[in-house]
Amino acid sequence: MKTSHNDPTAPMLVPQPISAATARRRHGAGALLVDIRPQVARHQGSITGALLIDPAAIAQQFTGVDRHREIIVCSVSSRRAVPAAEQLSRLGYDHVHYLAGGYAEWHDRATTFGTPVASCQEVRES
């Protein structure tokens, strides 16, 4: 059973796509943006405050984050973001989305760029 991504307080049983505009608003309001793009793709730029995670090591690297915090997974495309978002849901995170259109959509809609967060430790401290 899916819940609407229009209500960020409703538990997310199946990760849902989220538009770049909505992701930007929610990220600004405290949602955690998780960038799983490979290092070679990060030359395109980065998203301020995004957590850089290797998708092959999500279970090991994604620790200490509030399981009820809204999470938005960003990759090059939805093809990689969906499995990562599903894995986070299986790990018990209950408000997981993936960025529809991937980083290109975020970049096309962006007016500013910045520095990603280095680690889960910095996320826990924020």
# chains A, B, ... in the order shown; residues from 1 in each chain; ligands from 1
$ residues_around --residues "region 22-35 of chain A" --least-positions-apart "5" --cutoff "8 Å" --atoms "only C-alpha atoms" --output "PyMOL selection string"
chain A and resi 49-53+69-75+99
$ write_last_selection --atoms "C-alpha atoms" --output "compact mmCIF listing (two decimals), in the first residue's frame"
# COMPACT_ATOMS: atom_id res chain seq x y z
CA GLY A 49 23.80 19.51 2.38
CA ALA A 50 23.44 16.25 0.44
CA LEU A 51 24.81 13.12 2.08
CA LEU A 52 27.15 11.23 -0.27
CA ILE A 53 26.61 7.48 0.02
CA ARG A 69 13.20 11.79 8.90
CA GLU A 70 12.12 12.40 5.32
CA ILE A 71 14.77 11.10 2.88
CA ILE A 72 15.11 11.90 -0.82
CA VAL A 73 17.46 9.69 -2.85
CA CYS A 74 19.18 11.29 -5.84
CA SER A 75 21.17 9.50 -8.51
CA LEU A 99 14.18 12.24 -7.18
$ residues_around --residues "His43 (chain A)" --least-positions-apart "4" --cutoff "12 Å" --atoms "only C-alpha atoms" --output "PyMOL selection string"
chain A and resi 37-39+47+76+103
$ write_last_selection --atoms "N, CA and C atoms" --output "PDB file, in the first residue's frame"
ATOM      1  N   ARG A  37      25.090   9.106  -6.513  1.00  0.00           N
ATOM      2  CA  ARG A  37      25.788   9.090  -7.808  1.00  0.00           C
ATOM      3  C   ARG A  37      27.223   8.616  -7.610  1.00  0.00           C
ATOM      4  N   PRO A  38      27.755   7.894  -8.587  1.00  0.00           N
ATOM      5  CA  PRO A  38      29.155   7.478  -8.487  1.00  0.00           C
ATOM      6  C   PRO A  38      30.078   8.702  -8.537  1.00  0.00           C
ATOM      7  N   GLN A  39      31.242   8.568  -7.955  1.00  0.00           N
ATOM      8  CA  GLN A  39      32.205   9.664  -7.888  1.00  0.00           C
ATOM      9  C   GLN A  39      32.449  10.277  -9.267  1.00  0.00           C
ATOM     10  N   ILE A  47      24.947  18.995  -4.434  1.00  0.00           N
ATOM     11  CA  ILE A  47      23.798  19.647  -3.827  1.00  0.00           C
ATOM     12  C   ILE A  47      24.151  19.987  -2.386  1.00  0.00           C
ATOM     13  N   VAL A  76      21.955   9.468 -10.780  1.00  0.00           N
ATOM     14  CA  VAL A  76      22.002   9.917 -12.168  1.00  0.00           C
ATOM     15  C   VAL A  76      20.615   9.751 -12.784  1.00  0.00           C
ATOM     16  N   TYR A 103      19.663  13.629 -10.950  1.00  0.00           N
ATOM     17  CA  TYR A 103      20.420  14.854 -10.740  1.00  0.00           C
ATOM     18  C   TYR A 103      20.225  15.847 -11.883  1.00  0.00           C
TER      19      TYR A 103
END
$ residues_around --residues "His68 (chain A)" --least-positions-apart "5" --cutoff "8 Å" --atoms "only C-alpha atoms" --output "count of residues only"
3
$ closest_residue --among "A:Val65, A:Val40, A:Ala85, A:Ala20" --to "His97 (chain A)" --atoms "only C-alpha atoms"
A:Ala85
$ closest_atom_pairs --of "region 73-114 of chain A" --to "region 57-62 of chain A" --cutoff "9 Å" --atoms "only C-alpha atoms" --output "Markdown table"
| residue | atom | partner | partner_atom | distance |
| --- | --- | --- | --- | --- |
| A:Ala84 | CA | A:Ile58 | CA | 7.7 |
| A:Gln87 | CA | A:Ile58 | CA | 7.9 |
| A:Leu88 | CA | A:Ile58 | CA | 7.7 |
| A:Leu91 | CA | A:Ala59 | CA | 7.5 |
$ write_last_selection --atoms "N, CA and C atoms" --output "PDB file, in the first residue's frame"
ATOM      1  N   ALA A  84      17.907   1.919  -4.312  1.00  0.00           N
ATOM      2  CA  ALA A  84      18.498   2.472  -3.086  1.00  0.00           C
ATOM      3  C   ALA A  84      17.398   2.938  -2.133  1.00  0.00           C
ATOM      4  N   GLN A  87      15.835  -0.040  -0.569  1.00  0.00           N
ATOM      5  CA  GLN A  87      16.691  -0.608   0.478  1.00  0.00           C
ATOM      6  C   GLN A  87      16.567   0.197   1.769  1.00  0.00           C
ATOM      7  N   LEU A  88      16.537   1.515   1.669  1.00  0.00           N
ATOM      8  CA  LEU A  88      16.364   2.335   2.874  1.00  0.00           C
ATOM      9  C   LEU A  88      15.024   2.044   3.537  1.00  0.00           C
ATOM     10  N   LEU A  91      15.295  -1.048   5.450  1.00  0.00           N
ATOM     11  CA  LEU A  91      16.102  -0.852   6.661  1.00  0.00           C
ATOM     12  C   LEU A  91      15.319  -0.141   7.766  1.00  0.00           C
TER      13      LEU A  91
END
$ select_by_dssp --residues "region 6-60 of chain A" --states "strand (DSSP E or B)" --output "PyMOL selection string"
chain A and resi 16-18+32-35+51-52
$ atom_distance --atom1 "CA of Val82 (chain A)" --atom2 "CA of Asp54 (chain A)"
14.2 Å
$ select_by_dssp --residues "region 48-108 of chain A" --states "alpha helix (DSSP H)" --output "PyMOL selection string"
chain A and resi 58-61+78-90+102-108
